[in-house]
>>> print(open('coords-v4.pdb').read())   # PDB, C-alpha atoms and all ligand atoms
ATOM      1  CA  MET A   1      30.043 -91.888  34.408  1.00  0.00           C
ATOM      2  CA  SER A   2      31.962 -94.509  32.479  1.00  0.00           C
ATOM      3  CA  LEU A   3      35.492 -93.773  31.436  1.00  0.00           C
ATOM      4  CA  ALA A   4      35.331 -95.629  28.144  1.00  0.00           C
ATOM      5  CA  THR A   5      36.821 -93.733  25.257  1.00  0.00           C
ATOM      6  CA  GLY A   6      35.105 -93.310  21.947  1.00  0.00           C
ATOM      7  CA  ALA A   7      34.996 -96.019  19.333  1.00  0.00           C
ATOM      8  CA  GLU A   8      37.015 -95.932  16.132  1.00  0.00           C
ATOM      9  CA  VAL A   9      34.942 -96.183  12.956  1.00  0.00           C
ATOM     10  CA  ILE A  10      36.430 -97.362   9.673  1.00  0.00           C
ATOM     11  CA  VAL A  11      34.303 -97.581   6.542  1.00  0.00           C
ATOM     12  CA  GLU A  12      36.173 -98.867   3.511  1.00  0.00           C
ATOM     13  CA  ASN A  13      34.849 -99.046  -0.037  1.00  0.00           C
ATOM     14  CA  VAL A  14      31.354 -99.884   1.073  1.00  0.00           C
ATOM     15  CA  SER A  15      28.588-100.473  -1.450  1.00  0.00           C
ATOM     16  CA  LYS A  16      24.942-101.217  -0.778  1.00  0.00           C
ATOM     17  CA  SER A  17      22.006-101.736  -3.130  1.00  0.00           C
ATOM     18  CA  PHE A  18      18.324-102.260  -2.513  1.00  0.00           C
ATOM     19  CA  GLY A  19      17.190-104.266  -5.531  1.00  0.00           C
ATOM     20  CA  ARG A  20      18.132-102.145  -8.511  1.00  0.00           C
ATOM     21  CA  ILE A  21      18.706 -99.028  -6.449  1.00  0.00           C
ATOM     22  CA  SER A  22      22.339 -98.414  -5.680  1.00  0.00           C
ATOM     23  CA  ALA A  23      22.185 -96.539  -2.364  1.00  0.00           C
ATOM     24  CA  LEU A  24      25.942 -96.372  -1.697  1.00  0.00           C
ATOM     25  CA  ARG A  25      28.911 -96.881  -3.990  1.00  0.00           C
ATOM     26  CA  GLU A  26      32.443 -97.419  -2.682  1.00  0.00           C
ATOM     27  CA  VAL A  27      32.085 -95.110   0.257  1.00  0.00           C
ATOM     28  CA  SER A  28      34.986 -94.746   2.683  1.00  0.00           C
ATOM     29  CA  LEU A  29      35.304 -92.693   5.823  1.00  0.00           C
ATOM     30  CA  ARG A  30      37.062 -92.766   9.155  1.00  0.00           C
ATOM     31  CA  ALA A  31      36.214 -91.346  12.539  1.00  0.00           C
ATOM     32  CA  GLY A  32      38.813 -91.672  15.257  1.00  0.00           C
ATOM     33  CA  PRO A  33      37.851 -91.990  18.936  1.00  0.00           C
ATOM     34  CA  GLY A  34      36.217 -88.754  20.061  1.00  0.00           C
ATOM     35  CA  GLU A  35      35.972 -87.307  16.568  1.00  0.00           C
ATOM     36  CA  ALA A  36      32.804 -85.759  15.221  1.00  0.00           C
ATOM     37  CA  VAL A  37      31.958 -86.355  11.566  1.00  0.00           C
ATOM     38  CA  SER A  38      28.985 -84.718   9.932  1.00  0.00           C
ATOM     39  CA  ILE A  39      27.376 -86.177   6.821  1.00  0.00           C
ATOM     40  CA  ALA A  40      25.541 -83.886   4.465  1.00  0.00           C
ATOM     41  CA  GLY A  41      23.813 -84.557   1.158  1.00  0.00           C
ATOM     42  CA  ARG A  42      20.431 -84.334  -0.502  1.00  0.00           C
ATOM     43  CA  SER A  43      17.475 -86.498   0.307  1.00  0.00           C
ATOM     44  CA  GLY A  44      18.032 -89.944  -1.205  1.00  0.00           C
ATOM     45  CA  SER A  45      21.825 -89.586  -1.330  1.00  0.00           C
ATOM     46  CA  GLY A  46      22.378 -92.539   1.040  1.00  0.00           C
ATOM     47  CA  LYS A  47      22.910 -90.847   4.415  1.00  0.00           C
ATOM     48  CA  THR A  48      20.500 -92.988   6.434  1.00  0.00           C
ATOM     49  CA  THR A  49      21.770 -96.138   4.710  1.00  0.00           C
ATOM     50  CA  LEU A  50      25.339 -95.233   5.668  1.00  0.00           C
ATOM     51  CA  LEU A  51      24.372 -94.792   9.336  1.00  0.00           C
ATOM     52  CA  ALA A  52      22.474 -98.114   9.320  1.00  0.00           C
ATOM     53  CA  LEU A  53      25.564 -99.838   7.917  1.00  0.00           C
ATOM     54  CA  ILE A  54      27.907 -98.233  10.463  1.00  0.00           C
ATOM     55  CA  GLY A  55      25.594 -99.343  13.275  1.00  0.00           C
ATOM     56  CA  GLY A  56      25.359-102.872  11.891  1.00  0.00           C
ATOM     57  CA  LEU A  57      21.615-102.659  11.192  1.00  0.00           C
ATOM     58  CA  GLU A  58      22.283-103.423   7.524  1.00  0.00           C
ATOM     59  CA  GLN A  59      24.947-105.560   5.891  1.00  0.00           C
ATOM     60  CA  PRO A  60      27.174-104.148   3.162  1.00  0.00           C
ATOM     61  CA  ASP A  61      27.146-105.827  -0.270  1.00  0.00           C
ATOM     62  CA  ALA A  62      30.854-105.088  -0.541  1.00  0.00           C
ATOM     63  CA  GLY A  63      33.538-103.399   1.535  1.00  0.00           C
ATOM     64  CA  GLN A  64      34.330-103.321   5.242  1.00  0.00           C
ATOM     65  CA  ILE A  65      32.851-101.567   8.241  1.00  0.00           C
ATOM     66  CA  MET A  66      34.830-101.894  11.420  1.00  0.00           C
ATOM     67  CA  ILE A  67      33.995-100.485  14.844  1.00  0.00           C
ATOM     68  CA  ASP A  68      37.134-100.847  16.963  1.00  0.00           C
ATOM     69  CA  GLY A  69      38.263-103.501  14.531  1.00  0.00           C
ATOM     70  CA  ARG A  70      35.025-105.535  14.693  1.00  0.00           C
ATOM     71  CA  ALA A  71      32.256-105.889  12.127  1.00  0.00           C
ATOM     72  CA  ILE A  72      29.081-105.664  14.214  1.00  0.00           C
ATOM     73  CA  TRP A  73      26.845-107.483  11.738  1.00  0.00           C
ATOM     74  CA  LYS A  74      29.224-110.452  11.722  1.00  0.00           C
ATOM     75  CA  GLU A  75      29.196-110.838  15.510  1.00  0.00           C
ATOM     76  CA  PRO A  76      27.404-113.928  16.857  1.00  0.00           C
ATOM     77  CA  ARG A  77      25.065-111.612  18.793  1.00  0.00           C
ATOM     78  CA  PRO A  78      24.913-108.402  16.745  1.00  0.00           C
ATOM     79  CA  ALA A  79      22.153-106.782  18.819  1.00  0.00           C
ATOM     80  CA  GLN A  80      24.207-107.159  21.966  1.00  0.00           C
ATOM     81  CA  ALA A  81      27.410-106.011  20.273  1.00  0.00           C
ATOM     82  CA  ARG A  82      25.538-102.948  19.035  1.00  0.00           C
ATOM     83  CA  ARG A  83      24.014-102.200  22.417  1.00  0.00           C
ATOM     84  CA  GLU A  84      27.437-102.276  24.053  1.00  0.00           C
ATOM     85  CA  VAL A  85      28.848 -99.608  21.782  1.00  0.00           C
ATOM     86  CA  VAL A  86      26.297 -97.682  19.758  1.00  0.00           C
ATOM     87  CA  GLY A  87      23.568 -95.143  20.531  1.00  0.00           C
ATOM     88  CA  PHE A  88      21.155 -94.371  17.702  1.00  0.00           C
ATOM     89  CA  VAL A  89      19.024 -91.316  17.096  1.00  0.00           C
ATOM     90  CA  PHE A  90      16.786 -92.451  14.249  1.00  0.00           C
ATOM     91  CA  GLN A  91      15.362 -90.065  11.683  1.00  0.00           C
ATOM     92  CA  ARG A  92      11.887 -91.266  12.625  1.00  0.00           C
ATOM     93  CA  HIS A  93      12.146 -91.167  16.357  1.00  0.00           C
ATOM     94  CA  LEU A  94      10.723 -94.639  16.987  1.00  0.00           C
ATOM     95  CA  LEU A  95       9.557 -93.951  20.515  1.00  0.00           C
ATOM     96  CA  LEU A  96       7.449 -96.672  22.103  1.00  0.00           C
ATOM     97  CA  GLY A  97       3.925 -95.277  22.074  1.00  0.00           C
ATOM     98  CA  ALA A  98       2.710 -96.972  25.241  1.00  0.00           C
ATOM     99  CA  LEU A  99       5.606 -95.684  27.345  1.00  0.00           C
ATOM    100  CA  SER A 100       6.166 -92.264  28.893  1.00  0.00           C
ATOM    101  CA  ALA A 101       9.078 -90.103  27.773  1.00  0.00           C
ATOM    102  CA  ARG A 102      10.995 -91.191  30.882  1.00  0.00           C
ATOM    103  CA  ALA A 103      10.309 -94.904  30.295  1.00  0.00           C
ATOM    104  CA  ASN A 104      11.425 -94.543  26.661  1.00  0.00           C
ATOM    105  CA  VAL A 105      14.753 -93.107  27.822  1.00  0.00           C
ATOM    106  CA  GLU A 106      15.082 -95.983  30.300  1.00  0.00           C
ATOM    107  CA  VAL A 107      14.673 -98.739  27.694  1.00  0.00           C
ATOM    108  CA  PRO A 108      18.370 -99.088  26.776  1.00  0.00           C
ATOM    109  CA  LEU A 109      19.245 -99.065  30.492  1.00  0.00           C
ATOM    110  CA  ILE A 110      16.981-102.046  31.128  1.00  0.00           C
ATOM    111  CA  GLY A 111      18.898-103.956  28.441  1.00  0.00           C
ATOM    112  CA  ALA A 112      22.129-102.971  30.183  1.00  0.00           C
ATOM    113  CA  GLY A 113      20.881-104.262  33.554  1.00  0.00           C
ATOM    114  CA  VAL A 114      20.898-100.867  35.321  1.00  0.00           C
ATOM    115  CA  HIS A 115      18.918-100.822  38.586  1.00  0.00           C
ATOM    116  CA  ARG A 116      15.486 -99.208  38.498  1.00  0.00           C
ATOM    117  CA  SER A 117      16.231 -96.221  40.730  1.00  0.00           C
ATOM    118  CA  GLU A 118      19.434 -95.442  38.838  1.00  0.00           C
ATOM    119  CA  ARG A 119      17.550 -95.768  35.519  1.00  0.00           C
ATOM    120  CA  ARG A 120      14.992 -93.284  36.706  1.00  0.00           C
ATOM    121  CA  ARG A 121      17.627 -90.854  37.918  1.00  0.00           C
ATOM    122  CA  ARG A 122      19.579 -90.967  34.649  1.00  0.00           C
ATOM    123  CA  ALA A 123      16.460 -90.680  32.494  1.00  0.00           C
ATOM    124  CA  LEU A 124      15.204 -87.638  34.373  1.00  0.00           C
ATOM    125  CA  SER A 125      18.600 -85.993  34.280  1.00  0.00           C
ATOM    126  CA  LEU A 126      18.873 -86.511  30.502  1.00  0.00           C
ATOM    127  CA  LEU A 127      15.343 -85.231  29.938  1.00  0.00           C
ATOM    128  CA  GLU A 128      16.292 -82.162  31.911  1.00  0.00           C
ATOM    129  CA  GLU A 129      19.404 -81.717  29.761  1.00  0.00           C
ATOM    130  CA  VAL A 130      17.274 -81.660  26.612  1.00  0.00           C
ATOM    131  CA  GLY A 131      14.799 -79.250  28.199  1.00  0.00           C
ATOM    132  CA  LEU A 132      11.994 -81.742  28.835  1.00  0.00           C
ATOM    133  CA  ALA A 133      11.971 -82.091  32.610  1.00  0.00           C
ATOM    134  CA  GLY A 134       8.288 -81.151  32.564  1.00  0.00           C
ATOM    135  CA  ARG A 135       7.413 -83.812  29.988  1.00  0.00           C
ATOM    136  CA  ALA A 136       8.801 -86.924  31.688  1.00  0.00           C
ATOM    137  CA  ASP A 137       5.371 -88.493  32.228  1.00  0.00           C
ATOM    138  CA  HIS A 138       3.958 -87.601  28.814  1.00  0.00           C
ATOM    139  CA  LEU A 139       3.271 -90.245  26.198  1.00  0.00           C
ATOM    140  CA  PRO A 140       4.780 -89.791  22.712  1.00  0.00           C
ATOM    141  CA  SER A 141       1.305 -88.945  21.362  1.00  0.00           C
ATOM    142  CA  GLU A 142       1.288 -85.966  23.733  1.00  0.00           C
ATOM    143  CA  LEU A 143       4.626 -84.633  22.490  1.00  0.00           C
ATOM    144  CA  SER A 144       5.406 -82.401  19.527  1.00  0.00           C
ATOM    145  CA  GLY A 145       7.779 -83.603  16.794  1.00  0.00           C
ATOM    146  CA  GLY A 146      10.623 -81.580  18.263  1.00  0.00           C
ATOM    147  CA  GLU A 147       9.947 -82.885  21.762  1.00  0.00           C
ATOM    148  CA  SER A 148       9.900 -86.482  20.505  1.00  0.00           C
ATOM    149  CA  GLN A 149      13.185 -85.851  18.770  1.00  0.00           C
ATOM    150  CA  ARG A 150      14.722 -84.643  22.013  1.00  0.00           C
ATOM    151  CA  VAL A 151      13.417 -87.712  23.869  1.00  0.00           C
ATOM    152  CA  ALA A 152      15.061 -89.829  21.161  1.00  0.00           C
ATOM    153  CA  VAL A 153      18.354 -87.973  21.732  1.00  0.00           C
ATOM    154  CA  ALA A 154      18.096 -88.537  25.494  1.00  0.00           C
ATOM    155  CA  ARG A 155      17.375 -92.242  24.924  1.00  0.00           C
ATOM    156  CA  ALA A 156      20.370 -92.623  22.613  1.00  0.00           C
ATOM    157  CA  LEU A 157      22.633 -91.062  25.258  1.00  0.00           C
ATOM    158  CA  ALA A 158      21.290 -93.070  28.201  1.00  0.00           C
ATOM    159  CA  ASN A 159      23.973 -95.762  28.009  1.00  0.00           C
ATOM    160  CA  GLU A 160      26.769 -93.275  27.404  1.00  0.00           C
ATOM    161  CA  PRO A 161      27.508 -94.920  24.059  1.00  0.00           C
ATOM    162  CA  ARG A 162      31.071 -94.913  22.762  1.00  0.00           C
ATOM    163  CA  LEU A 163      29.659 -94.160  19.318  1.00  0.00           C
ATOM    164  CA  LEU A 164      26.614 -91.972  18.713  1.00  0.00           C
ATOM    165  CA  LEU A 165      24.922 -92.254  15.322  1.00  0.00           C
ATOM    166  CA  ALA A 166      22.376 -89.502  14.851  1.00  0.00           C
ATOM    167  CA  ASP A 167      20.137 -89.031  11.810  1.00  0.00           C
ATOM    168  CA  GLU A 168      19.126 -85.375  11.505  1.00  0.00           C
ATOM    169  CA  PRO A 169      18.860 -84.959  15.289  1.00  0.00           C
ATOM    170  CA  THR A 170      18.047 -81.264  15.010  1.00  0.00           C
ATOM    171  CA  GLY A 171      15.823 -81.531  11.922  1.00  0.00           C
ATOM    172  CA  ALA A 172      12.568 -80.729  13.736  1.00  0.00           C
ATOM    173  CA  LEU A 173      13.978 -78.222  16.230  1.00  0.00           C
ATOM    174  CA  ASP A 174      13.974 -74.443  16.343  1.00  0.00           C
ATOM    175  CA  SER A 175      17.401 -72.840  16.394  1.00  0.00           C
ATOM    176  CA  LYS A 176      17.524 -72.322  20.154  1.00  0.00           C
ATOM    177  CA  THR A 177      16.509 -75.892  21.016  1.00  0.00           C
ATOM    178  CA  SER A 178      18.771 -77.236  18.328  1.00  0.00           C
ATOM    179  CA  GLU A 179      21.672 -75.325  19.861  1.00  0.00           C
ATOM    180  CA  ARG A 180      20.862 -76.888  23.217  1.00  0.00           C
ATOM    181  CA  VAL A 181      20.828 -80.439  21.804  1.00  0.00           C
ATOM    182  CA  LEU A 182      24.107 -79.838  19.968  1.00  0.00           C
ATOM    183  CA  ASP A 183      25.661 -78.388  23.120  1.00  0.00           C
ATOM    184  CA  LEU A 184      24.731 -81.607  24.913  1.00  0.00           C
ATOM    185  CA  LEU A 185      26.118 -83.900  22.183  1.00  0.00           C
ATOM    186  CA  PHE A 186      29.386 -82.007  21.892  1.00  0.00           C
ATOM    187  CA  ARG A 187      29.767 -81.649  25.644  1.00  0.00           C
ATOM    188  CA  LEU A 188      29.437 -85.428  26.028  1.00  0.00           C
ATOM    189  CA  ARG A 189      31.880 -85.849  23.197  1.00  0.00           C
ATOM    190  CA  ASP A 190      34.347 -83.643  25.071  1.00  0.00           C
ATOM    191  CA  GLN A 191      33.708 -85.254  28.474  1.00  0.00           C
ATOM    192  CA  LEU A 192      33.419 -88.912  27.519  1.00  0.00           C
ATOM    193  CA  GLY A 193      35.378 -88.904  24.285  1.00  0.00           C
ATOM    194  CA  MET A 194      32.292 -90.272  22.518  1.00  0.00           C
ATOM    195  CA  THR A 195      32.649 -90.543  18.731  1.00  0.00           C
ATOM    196  CA  LEU A 196      29.873 -88.727  16.835  1.00  0.00           C
ATOM    197  CA  VAL A 197      28.576 -89.428  13.352  1.00  0.00           C
ATOM    198  CA  VAL A 198      25.768 -86.993  12.637  1.00  0.00           C
ATOM    199  CA  VAL A 199      23.681 -86.729   9.491  1.00  0.00           C
ATOM    200  CA  SER A 200      22.606 -83.142   9.141  1.00  0.00           C
ATOM    201  CA  TYR A 201      21.947 -80.280   6.772  1.00  0.00           C
ATOM    202  CA  ASP A 202      22.423 -77.935   9.680  1.00  0.00           C
ATOM    203  CA  THR A 203      25.457 -75.680   9.235  1.00  0.00           C
ATOM    204  CA  ALA A 204      25.653 -75.437  13.045  1.00  0.00           C
ATOM    205  CA  VAL A 205      26.532 -79.162  13.032  1.00  0.00           C
ATOM    206  CA  SER A 206      29.166 -78.995  10.300  1.00  0.00           C
ATOM    207  CA  ALA A 207      30.651 -75.899  11.943  1.00  0.00           C
ATOM    208  CA  ARG A 208      31.325 -77.917  15.108  1.00  0.00           C
ATOM    209  CA  ALA A 209      32.320 -81.183  13.449  1.00  0.00           C
ATOM    210  CA  ASP A 210      35.966 -82.114  12.889  1.00  0.00           C
ATOM    211  CA  CYS A 211      35.131 -83.222   9.379  1.00  0.00           C
ATOM    212  CA  THR A 212      32.161 -82.937   7.021  1.00  0.00           C
ATOM    213  CA  ILE A 213      31.530 -85.288   4.134  1.00  0.00           C
ATOM    214  CA  THR A 214      28.922 -84.818   1.465  1.00  0.00           C
ATOM    215  CA  LEU A 215      27.182 -87.747  -0.182  1.00  0.00           C
ATOM    216  CA  THR A 216      26.065 -87.292  -3.769  1.00  0.00           C
ATOM    217  CA  ASP A 217      24.000 -90.130  -5.243  1.00  0.00           C
ATOM    218  CA  GLY A 218      25.618 -92.639  -2.914  1.00  0.00           C
ATOM    219  CA  THR A 219      29.218 -91.551  -3.363  1.00  0.00           C
ATOM    220  CA  ILE A 220      31.663 -89.280  -1.585  1.00  0.00           C
ATOM    221  CA  ASP A 221      33.663 -86.994  -3.768  1.00  0.00           C
ATOM    222  CA  SER A 222      36.980 -86.869  -1.937  1.00  0.00           C
ATOM    223  CA  ALA A 223      37.340 -83.236  -2.970  1.00  0.00           C
ATOM    224  CA  ASN A 224      34.275 -82.718  -0.813  1.00  0.00           C
ATOM    225  CA  VAL A 225      35.780 -83.822   2.468  1.00  0.00           C
ATOM    226  CA  MET A 226      36.156 -80.712   4.563  1.00  0.00           C
ATOM    227  CA  LEU A 227      38.316 -80.736   7.650  1.00  0.00           C
ATOM    228  CA  SER A 228      37.181 -77.905   9.836  1.00  0.00           C
ATOM    229  CA  ARG A 229      39.672 -78.251  12.679  1.00  0.00           C
ATOM    230  CA  GLN A 230      42.908 -79.016  10.936  1.00  0.00           C
TER     231      GLN A 230
HETATM  232  N1  LIG B   1      15.024-100.525   2.702  1.00  0.00           N
HETATM  233  C1  LIG B   1      15.079 -99.973   1.486  1.00  0.00           C
HETATM  234  N2  LIG B   1      14.515-100.559   0.420  1.00  0.00           N
HETATM  235  C2  LIG B   1      14.586-100.017  -0.816  1.00  0.00           C
HETATM  236  N3  LIG B   1      15.217 -98.864  -1.102  1.00  0.00           N
HETATM  237  C3  LIG B   1      15.795 -98.210  -0.083  1.00  0.00           C
HETATM  238  C4  LIG B   1      15.758 -98.726   1.261  1.00  0.00           C
HETATM  239  N4  LIG B   1      16.436 -97.851   2.061  1.00  0.00           N
HETATM  240  C5  LIG B   1      16.859 -96.856   1.265  1.00  0.00           C
HETATM  241  N5  LIG B   1      16.479 -97.075  -0.029  1.00  0.00           N
HETATM  242  C6  LIG B   1      16.810 -96.212  -1.180  1.00  0.00           C
HETATM  243  O1  LIG B   1      18.206 -95.930  -1.112  1.00  0.00           O
HETATM  244  C7  LIG B   1      18.463 -94.563  -1.450  1.00  0.00           C
HETATM  245  C8  LIG B   1      19.159 -93.873  -0.289  1.00  0.00           C
HETATM  246  O2  LIG B   1      18.231 -93.754   0.787  1.00  0.00           O
HETATM  247  P1  LIG B   1      18.597 -93.107   2.191  1.00  0.00           P
HETATM  248  O3  LIG B   1      19.851 -93.734   2.663  1.00  0.00           O
HETATM  249  O4  LIG B   1      17.411 -93.211   3.052  1.00  0.00           O
HETATM  250  O5  LIG B   1      18.881 -91.588   1.777  1.00  0.00           O
HETATM  251  P2  LIG B   1      18.929 -90.251   2.663  1.00  0.00           P
HETATM  252  O6  LIG B   1      18.943 -90.646   4.094  1.00  0.00           O
HETATM  253  O7  LIG B   1      20.160 -89.541   2.207  1.00  0.00           O
HETATM  254  O8  LIG B   1      17.694 -89.478   2.296  1.00  0.00           O
HETATM  255  C9  LIG B   1      17.116 -93.951  -1.802  1.00  0.00           C
HETATM  256  O9  LIG B   1      16.974 -94.027  -3.206  1.00  0.00           O
HETATM  257  C10 LIG B   1      16.123 -94.869  -1.106  1.00  0.00           C
HETATM  258  O10 LIG B   1      14.902 -94.872  -1.776  1.00  0.00           O
HETATM  259 MG    MG B   2      17.644 -90.125   5.640  1.00  0.00          MG
END
>>> encode(input="coords-v4.pdb", output="structure tokens")
Amino acid sequence: MSLATGAEVIVENVSKSFGRISALREVSLRAGPGEAVSIAGRSGSGKTTLLALIGGLEQPDAGQIMIDGRAIWKEPRPAQARREVVGFVFQRHLLLGALSARANVEVPLIGAGVHRSERRRRALSLLEEVGLAGRADHLPSELSGGESQRVAVARALANEPRLLLADEPTGALDSKTSERVLDLLFRLRDQLGMTLVVVSYDTAVSARADCTITLTDGTIDSANVMLSRQ
């Protein structure tokens, strides 16, 4: 286990449009190392766009996004900078169809140069943590939506990221499985100090988060920022 602490996330007055659609307007938020922030809001309110911006997958039109004081999208090698810090659980799981569940979880470890036997060990242990020990050799086409989602969570955690960005990670799960996935995320947060930014409608997520923000048509009403642990 690495001893790295969580990353600090600072989003300041960020705006982002897609053509004429204004997806985010002057959004600001902060997550300190090891903090868990949940982001709520209706469909189309800008939640996925905000996660993509925090992870440096999109560039802001205006404003600043700093992860430990660095803007990932401005780095000379953004993909590498991202891989060193961020784990993503995408809303659409984006598993590689030709690879088994275990091999999908191993993908980020290959990029990080982890030896094959250690990759295998970590992937199997994470699949076990998300309740999929018996599905390690299955292809994505042989998995249910909820199972795919759990593989995606295991993959995002494989590198013990200092910042986990998760887009509705419990959206396709029943309440018991969802509890199990949240237990894992929050346990790793407690053990590794990982920072969590989780998009979710799930009240079980906001109940555990240090802070919940709600996006409404691309903006955060500051009156809407709820601190649950203060
Ligand atoms: N790549 C894109 N191209 C055009 N419009 C987009 C793109 N991504 C998001 N949008 C638009 O931006 C708005 C916010 O989308 P999104 O961030 O996905 O919302 P949410 O995740 O809250 O449902 C929506 O109106 C959506 O249609
Ligand atoms: Mg979304």
>>> residues_around(input="coords-v4.pdb", residues="Gly55 in chain A", least_positions_apart="3", cutoff="10 Å", atoms="only C-alpha atoms", output="VMD selection string")
chain A and resid 9 49 to 52 58 to 59 65 to 67 71 to 73 78 to 79 81 to 83 85 to 88 163 to 165
>>> residues_near_ligand(input="coords-v4.pdb", ligand="ligand MG 2 (chain B)", cutoff="10 Å", atoms="all atoms listed in the file", output="list in words")
Gly41, Arg42, Ser43, Gly44, Ser45, Gly46, Lys47, Thr48, Thr49, Leu50, Leu51, Phe90, Gln91, Arg92, Asp167, Glu168, Val199 and Ser200 of chain A
>>> atom_distance(input="coords-v4.pdb", atom1="CA of Val27 in chain A", atom2="atom N2 of ligand LIG 1 (chain B)")
18.4 Å
>>> residues_around(input="coords-v4.pdb", residues="Leu184 in chain A", least_positions_apart="2", cutoff="12 Å", atoms="all atoms listed in the file", output="PyMOL selection string")
chain A and resi 126-131+150+153-154+157+169-170+177-182+186-192+194+196
>>> write_last_selection(input="coords-v4.pdb", atoms="C-alpha atoms", output="compact mmCIF listing (two decimals), keeping the file's coordinate frame")
# COMPACT_ATOMS: atom_id res chain seq x y z
CA LEU A 126 18.87 -86.51 30.50
CA LEU A 127 15.34 -85.23 29.94
CA GLU A 128 16.29 -82.16 31.91
CA GLU A 129 19.40 -81.72 29.76
CA VAL A 130 17.27 -81.66 26.61
CA GLY A 131 14.80 -79.25 28.20
CA ARG A 150 14.72 -84.64 22.01
CA VAL A 153 18.35 -87.97 21.73
CA ALA A 154 18.10 -88.54 25.49
CA LEU A 157 22.63 -91.06 25.26
CA PRO A 169 18.86 -84.96 15.29
CA THR A 170 18.05 -81.26 15.01
CA THR A 177 16.51 -75.89 21.02
CA SER A 178 18.77 -77.24 18.33
CA GLU A 179 21.67 -75.32 19.86
CA ARG A 180 20.86 -76.89 23.22
CA VAL A 181 20.83 -80.44 21.80
CA LEU A 182 24.11 -79.84 19.97
CA PHE A 186 29.39 -82.01 21.89
CA ARG A 187 29.77 -81.65 25.64
CA LEU A 188 29.44 -85.43 26.03
CA ARG A 189 31.88 -85.85 23.20
CA ASP A 190 34.35 -83.64 25.07
CA GLN A 191 33.71 -85.25 28.47
CA LEU A 192 33.42 -88.91 27.52
CA MET A 194 32.29 -90.27 22.52
CA LEU A 196 29.87 -88.73 16.84
>>> atom_distance(input="coords-v4.pdb", atom1="atom C3 of ligand LIG 1 (chain B)", atom2="CA of Ser144 in chain A")
27.2 Å
>>> resolve_selection(input="coords-v4.pdb", expression="the PyMOL selection byres (((chain A and resi 96-110) around 9) and not hetatm)", output="PyMOL selection string")
chain A and resi 83+94-95+111-116+119-120+122-124+126-127+132+135-141+143+148+151-159
>>> closest_residue(input="coords-v4.pdb", among="A:Val11, A:Leu53, A:Gly145, A:Glu26", to="ligand LIG 1 (chain B)", atoms="only C-alpha atoms and all ligand atoms")
A:Leu53
>>> atom_distance(input="coords-v4.pdb", atom1="CA of Thr216 in chain A", atom2="CA of Val198 in chain A")
16.4 Å
>>> closest_residue(input="coords-v4.pdb", among="A:Ser15, A:Thr5, A:Thr203, A:Ser22", to="ligand LIG 1 (chain B)", atoms="only C-alpha atoms and all ligand atoms")
A:Ser22
>>> axis_aligned_box(input="coords-v4.pdb", around="ligand LIG 1 (chain B)", padding_each_side="5 Å", output="JSON")
{"center_x": 17.3, "center_y": -95.0, "center_z": 0.4, "size_x": 15.6, "size_y": 21.1, "size_z": 17.3}
>>> resolve_selection(input="coords-v4.pdb", expression="the PyMOL selection byres (((chain A and resi 68) around 6) and not hetatm)", output="PyMOL selection string")
chain A and resi 7-8+67+69-70
>>> decode(input="coords-v4.pdb", residues="range 165-197 of chain A", atoms="C-alpha atoms", output="PDB file, in the first residue's frame")
ATOM      1  CA  LEU A 165     -13.674  10.797  -9.332  1.00  0.00           C
ATOM      2  CA  ALA A 166     -16.779   8.652  -9.517  1.00  0.00           C
ATOM      3  CA  ASP A 167     -19.836   9.334 -11.678  1.00  0.00           C
ATOM      4  CA  GLU A 168     -22.899   7.679 -10.141  1.00  0.00           C
ATOM      5  CA  PRO A 169     -20.889   4.649  -8.984  1.00  0.00           C
ATOM      6  CA  THR A 170     -23.889   3.080  -7.274  1.00  0.00           C
ATOM      7  CA  GLY A 171     -26.465   4.061  -9.912  1.00  0.00           C
ATOM      8  CA  ALA A 172     -27.048   0.521 -11.199  1.00  0.00           C
ATOM      9  CA  LEU A 173     -26.677  -1.299  -7.875  1.00  0.00           C
ATOM     10  CA  ASP A 174     -29.193  -2.694  -5.423  1.00  0.00           C
ATOM     11  CA  SER A 175     -29.016  -1.228  -1.939  1.00  0.00           C
ATOM     12  CA  LYS A 176     -26.949  -4.041  -0.446  1.00  0.00           C
ATOM     13  CA  THR A 177     -24.328  -4.034  -3.211  1.00  0.00           C
ATOM     14  CA  SER A 178     -24.286  -0.273  -3.229  1.00  0.00           C
ATOM     15  CA  GLU A 179     -23.574  -0.296   0.500  1.00  0.00           C
ATOM     16  CA  ARG A 180     -20.676  -2.658  -0.121  1.00  0.00           C
ATOM     17  CA  VAL A 181     -19.150  -0.429  -2.824  1.00  0.00           C
ATOM     18  CA  LEU A 182     -19.532   2.655  -0.628  1.00  0.00           C
ATOM     19  CA  ASP A 183     -17.969   0.815   2.309  1.00  0.00           C
ATOM     20  CA  LEU A 184     -14.969   0.081   0.095  1.00  0.00           C
ATOM     21  CA  LEU A 185     -14.622   3.676  -1.166  1.00  0.00           C
ATOM     22  CA  PHE A 186     -14.917   5.193   2.292  1.00  0.00           C
ATOM     23  CA  ARG A 187     -12.652   2.595   3.864  1.00  0.00           C
ATOM     24  CA  LEU A 188      -9.942   3.431   1.317  1.00  0.00           C
ATOM     25  CA  ARG A 189     -10.557   7.084   1.979  1.00  0.00           C
ATOM     26  CA  ASP A 190      -9.987   6.450   5.685  1.00  0.00           C
ATOM     27  CA  GLN A 191      -6.965   4.174   5.169  1.00  0.00           C
ATOM     28  CA  LEU A 192      -5.169   5.958   2.346  1.00  0.00           C
ATOM     29  CA  GLY A 193      -6.508   9.460   2.823  1.00  0.00           C
ATOM     30  CA  MET A 194      -7.808   9.354  -0.756  1.00  0.00           C
ATOM     31  CA  THR A 195      -9.888  12.390  -1.758  1.00  0.00           C
ATOM     32  CA  LEU A 196     -13.336  11.459  -3.112  1.00  0.00           C
ATOM     33  CA  VAL A 197     -15.529  13.431  -5.480  1.00  0.00           C
TER      34      VAL A 197
END
